[in-house]
Amino acid sequence: YKQGWEFLNMNRHPQWRRCYIDVGVNSTYLIEDAEKKNARNYILIAKTLRLHSLLLTTDLFGDIPVRETFAYAASVEDRTGSPKYDHQSYVYQYIQSELEDLIELYEDPEWTECSTNSVIDEKQDRMFVGDLGKWRAFTKALYARVLLRQIPNQDLSKCQAVINAVDAA
């Protein structure tokens, strides 16, 4: 950055890699492993991080691939060629829907207080040290942000929904 690297020029590799490899692929593996162990707390956190990464990426670049990556691809090895890009409005709708489902899980004690949840300390989670209450608040803040992104030039009736989501976060 200090040497004049422009974030929006053709050299977009760092953010794309962060979203689809560093966060995307690793969260997929984390979710698969957590499902085997029934460590629901890890599933919640991994899904939150993935949605946060998608939100940052679409905020920066507009249209991005979603349907042929996270939503539908069975595994990284099964992907061939370049995925089709989804319109940004679809990406926001996808993220909103996923966040709504995720917030319901954060509110469910069968997920947050599951006896098979793994212990998470500061080595695994430098943000919230495994505190699912804080992760839930962060997820609700992401929800408010995705609602906010849909207001300009689209639907001013969502303003109250944004305020409600911020209050919930």
# chains A, B, ... in the order shown; residues from 1 in each chain; ligands from 1
>>> residues_around(residues="Asp167 of chain A", least_positions_apart="3", cutoff="10 Å", atoms="only C-alpha atoms", output="MDAnalysis selection string")
chainID A and resid 140:141 144 161:164
>>> residues_around(residues="segment 32-38 of chain A", least_positions_apart="4", cutoff="12 Å", atoms="only C-alpha atoms", output="PDB file with N, CA, C and O atoms, in the first residue's frame")
ATOM      1  N   VAL A  25     -12.241 -20.943   1.337  1.00  0.00           N
ATOM      2  CA  VAL A  25     -11.844 -22.354   1.384  1.00  0.00           C
ATOM      3  C   VAL A  25     -11.599 -22.796   2.821  1.00  0.00           C
ATOM      4  O   VAL A  25     -12.064 -23.862   3.240  1.00  0.00           O
ATOM      5  N   ASN A  26     -10.908 -21.973   3.593  1.00  0.00           N
ATOM      6  CA  ASN A  26     -10.624 -22.361   4.972  1.00  0.00           C
ATOM      7  C   ASN A  26     -11.895 -22.474   5.805  1.00  0.00           C
ATOM      8  O   ASN A  26     -12.010 -23.362   6.652  1.00  0.00           O
ATOM      9  N   SER A  27     -12.873 -21.592   5.568  1.00  0.00           N
ATOM     10  CA  SER A  27     -14.126 -21.703   6.321  1.00  0.00           C
ATOM     11  C   SER A  27     -14.887 -22.960   5.917  1.00  0.00           C
ATOM     12  O   SER A  27     -15.529 -23.593   6.760  1.00  0.00           O
ATOM     13  N   THR A  28     -14.796 -23.335   4.652  1.00  0.00           N
ATOM     14  CA  THR A  28     -15.438 -24.575   4.201  1.00  0.00           C
ATOM     15  C   THR A  28     -14.846 -25.777   4.940  1.00  0.00           C
ATOM     16  O   THR A  28     -15.580 -26.631   5.443  1.00  0.00           O
ATOM     17  N   TYR A  42     -18.035 -23.328  16.224  1.00  0.00           N
ATOM     18  CA  TYR A  42     -17.123 -23.095  15.106  1.00  0.00           C
ATOM     19  C   TYR A  42     -17.897 -22.883  13.804  1.00  0.00           C
ATOM     20  O   TYR A  42     -17.505 -22.085  12.960  1.00  0.00           O
ATOM     21  N   ILE A  43     -19.001 -23.594  13.631  1.00  0.00           N
ATOM     22  CA  ILE A  43     -19.809 -23.422  12.425  1.00  0.00           C
ATOM     23  C   ILE A  43     -20.364 -22.002  12.378  1.00  0.00           C
ATOM     24  O   ILE A  43     -20.308 -21.330  11.338  1.00  0.00           O
ATOM     25  N   LEU A  44     -20.887 -21.525  13.490  1.00  0.00           N
ATOM     26  CA  LEU A  44     -21.425 -20.172  13.553  1.00  0.00           C
ATOM     27  C   LEU A  44     -20.360 -19.134  13.200  1.00  0.00           C
ATOM     28  O   LEU A  44     -20.594 -18.237  12.376  1.00  0.00           O
ATOM     29  N   ILE A  45     -19.205 -19.257  13.806  1.00  0.00           N
ATOM     30  CA  ILE A  45     -18.138 -18.285  13.583  1.00  0.00           C
ATOM     31  C   ILE A  45     -17.641 -18.351  12.141  1.00  0.00           C
ATOM     32  O   ILE A  45     -17.448 -17.310  11.499  1.00  0.00           O
ATOM     33  N   ALA A  46     -17.448 -19.543  11.608  1.00  0.00           N
ATOM     34  CA  ALA A  46     -16.959 -19.685  10.230  1.00  0.00           C
ATOM     35  C   ALA A  46     -17.940 -19.080   9.229  1.00  0.00           C
ATOM     36  O   ALA A  46     -17.544 -18.394   8.283  1.00  0.00           O
ATOM     37  N   LYS A  47     -19.225 -19.309   9.438  1.00  0.00           N
ATOM     38  CA  LYS A  47     -20.225 -18.740   8.527  1.00  0.00           C
ATOM     39  C   LYS A  47     -20.269 -17.220   8.641  1.00  0.00           C
ATOM     40  O   LYS A  47     -20.439 -16.523   7.649  1.00  0.00           O
ATOM     41  N   ALA A  74     -19.621 -28.019  -4.377  1.00  0.00           N
ATOM     42  CA  ALA A  74     -19.445 -29.056  -3.354  1.00  0.00           C
ATOM     43  C   ALA A  74     -18.061 -28.972  -2.729  1.00  0.00           C
ATOM     44  O   ALA A  74     -17.906 -29.143  -1.532  1.00  0.00           O
ATOM     45  N   SER A  75     -17.061 -28.758  -3.532  1.00  0.00           N
ATOM     46  CA  SER A  75     -15.711 -28.630  -2.991  1.00  0.00           C
ATOM     47  C   SER A  75     -14.846 -27.852  -3.966  1.00  0.00           C
ATOM     48  O   SER A  75     -15.188 -27.696  -5.134  1.00  0.00           O
ATOM     49  N   GLU A 110     -29.598 -24.520  21.569  1.00  0.00           N
ATOM     50  CA  GLU A 110     -29.103 -25.813  21.103  1.00  0.00           C
ATOM     51  C   GLU A 110     -27.829 -25.642  20.274  1.00  0.00           C
ATOM     52  O   GLU A 110     -27.070 -26.601  20.124  1.00  0.00           O
ATOM     53  N   TRP A 111     -27.611 -24.458  19.744  1.00  0.00           N
ATOM     54  CA  TRP A 111     -26.381 -24.162  19.017  1.00  0.00           C
ATOM     55  C   TRP A 111     -25.349 -23.491  19.914  1.00  0.00           C
ATOM     56  O   TRP A 111     -24.190 -23.883  19.925  1.00  0.00           O
ATOM     57  N   THR A 112     -25.762 -22.480  20.637  1.00  0.00           N
ATOM     58  CA  THR A 112     -24.800 -21.690  21.413  1.00  0.00           C
ATOM     59  C   THR A 112     -24.344 -22.376  22.690  1.00  0.00           C
ATOM     60  O   THR A 112     -23.248 -22.108  23.178  1.00  0.00           O
ATOM     61  N   GLU A 113     -25.172 -23.258  23.230  1.00  0.00           N
ATOM     62  CA  GLU A 113     -24.828 -23.939  24.477  1.00  0.00           C
ATOM     63  C   GLU A 113     -24.688 -25.443  24.282  1.00  0.00           C
ATOM     64  O   GLU A 113     -24.797 -26.208  25.243  1.00  0.00           O
ATOM     65  N   CYS A 114     -24.419 -25.851  23.066  1.00  0.00           N
ATOM     66  CA  CYS A 114     -24.283 -27.272  22.744  1.00  0.00           C
ATOM     67  C   CYS A 114     -23.133 -27.888  23.551  1.00  0.00           C
ATOM     68  O   CYS A 114     -22.034 -27.319  23.623  1.00  0.00           O
ATOM     69  N   SER A 115     -23.371 -29.032  24.145  1.00  0.00           N
ATOM     70  CA  SER A 115     -22.358 -29.659  24.998  1.00  0.00           C
ATOM     71  C   SER A 115     -21.118 -30.091  24.214  1.00  0.00           C
ATOM     72  O   SER A 115     -20.051 -30.266  24.800  1.00  0.00           O
ATOM     73  N   THR A 116     -21.244 -30.250  22.912  1.00  0.00           N
ATOM     74  CA  THR A 116     -20.096 -30.674  22.100  1.00  0.00           C
ATOM     75  C   THR A 116     -19.347 -29.489  21.473  1.00  0.00           C
ATOM     76  O   THR A 116     -18.408 -29.700  20.710  1.00  0.00           O
ATOM     77  N   ASN A 117     -19.750 -28.261  21.807  1.00  0.00           N
ATOM     78  CA  ASN A 117     -19.012 -27.101  21.307  1.00  0.00           C
ATOM     79  C   ASN A 117     -17.581 -27.139  21.825  1.00  0.00           C
ATOM     80  O   ASN A 117     -17.331 -27.515  22.973  1.00  0.00           O
ATOM     81  N   SER A 118     -16.666 -26.759  20.971  1.00  0.00           N
ATOM     82  CA  SER A 118     -15.251 -26.745  21.343  1.00  0.00           C
ATOM     83  C   SER A 118     -14.919 -25.514  22.173  1.00  0.00           C
ATOM     84  O   SER A 118     -15.539 -24.461  22.008  1.00  0.00           O
TER      85      SER A 118
END
>>> closest_residue(among="A:Leu132, A:Leu51, A:Ala39, A:Cys159", to="Asp101 of chain A", atoms="only C-alpha atoms")
A:Leu51
>>> select_by_dssp(residues="segment 3-159 of chain A", states="alpha helix (DSSP H)", output="number ranges by chain")
A: 13-17, 26-37, 40-61, 88-106, 109-112, 132-149, 159
>>> residues_around(residues="segment 87-95 of chain A", least_positions_apart="4", cutoff="8 Å", atoms="only C-alpha atoms", output="list in words")
Leu51, Leu54, Leu55, Thr58, Gly62, Asp63, Ile64, Val66, Leu99, Val146, Arg149 and Gln150 of chain A
>>> write_last_selection(atoms="N, CA and C atoms", output="compact mmCIF listing (two decimals), in the first residue's frame")
# COMPACT_ATOMS: atom_id res chain seq x y z
N LEU A 51 -19.51 -14.63 5.48
CA LEU A 51 -20.44 -13.60 5.04
C LEU A 51 -19.84 -12.21 5.15
N LEU A 54 -17.59 -11.85 2.11
CA LEU A 54 -18.39 -11.61 0.90
C LEU A 54 -18.92 -10.17 0.87
N LEU A 55 -19.37 -9.69 2.01
CA LEU A 55 -19.89 -8.33 2.08
C LEU A 55 -18.81 -7.31 1.76
N THR A 58 -18.05 -7.57 -2.16
CA THR A 58 -19.05 -6.98 -3.04
C THR A 58 -19.15 -5.47 -2.84
N GLY A 62 -18.50 -4.72 -6.45
CA GLY A 62 -19.81 -4.85 -7.11
C GLY A 62 -20.14 -6.30 -7.35
N ASP A 63 -20.32 -6.66 -8.62
CA ASP A 63 -20.67 -8.03 -8.98
C ASP A 63 -19.52 -8.97 -8.63
N ILE A 64 -19.87 -10.07 -7.96
CA ILE A 64 -18.88 -11.09 -7.60
C ILE A 64 -19.52 -12.47 -7.73
N VAL A 66 -20.99 -15.84 -6.44
CA VAL A 66 -21.50 -16.43 -5.20
C VAL A 66 -22.12 -17.79 -5.49
N LEU A 99 -27.56 -14.29 6.60
CA LEU A 99 -27.43 -13.67 7.91
C LEU A 99 -28.68 -13.88 8.75
N VAL A 146 -25.77 -4.82 5.62
CA VAL A 146 -26.30 -5.28 4.34
C VAL A 146 -27.64 -4.61 4.05
N ARG A 149 -26.87 -1.15 2.74
CA ARG A 149 -26.39 -1.16 1.36
C ARG A 149 -27.54 -1.20 0.34
N GLN A 150 -28.71 -1.64 0.77
CA GLN A 150 -29.84 -1.76 -0.15
C GLN A 150 -30.69 -0.49 -0.23
>>> atom_distance(atom1="atom CA of Ser157 of chain A", atom2="atom CA of Glu98 of chain A")
21.2 Å
>>> atom_distance(atom1="atom CA of Ser53 of chain A", atom2="atom CA of Cys19 of chain A")
5.4 Å
>>> atom_distance(atom1="atom CA of Leu147 of chain A", atom2="atom CA of Ser97 of chain A")
10.8 Å
>>> closest_residue(among="A:Val119, A:Thr69, A:Arg136, A:Gln96", to="Pro83 of chain A", atoms="only C-alpha atoms")
A:Thr69
>>> residues_around(residues="Arg18 of chain A", least_positions_apart="2", cutoff="12 Å", atoms="only C-alpha atoms", output="JSON, numbers by chain")
{"A": [12, 13, 14, 15, 16, 20, 21, 22, 23, 24, 25, 26, 27, 49, 50, 52, 53, 54, 56, 57]}
>>> closest_residue(among="A:Asp59, A:Arg40, A:Arg17, A:Ala169", to="Ile120 of chain A", atoms="only C-alpha atoms")
A:Arg40
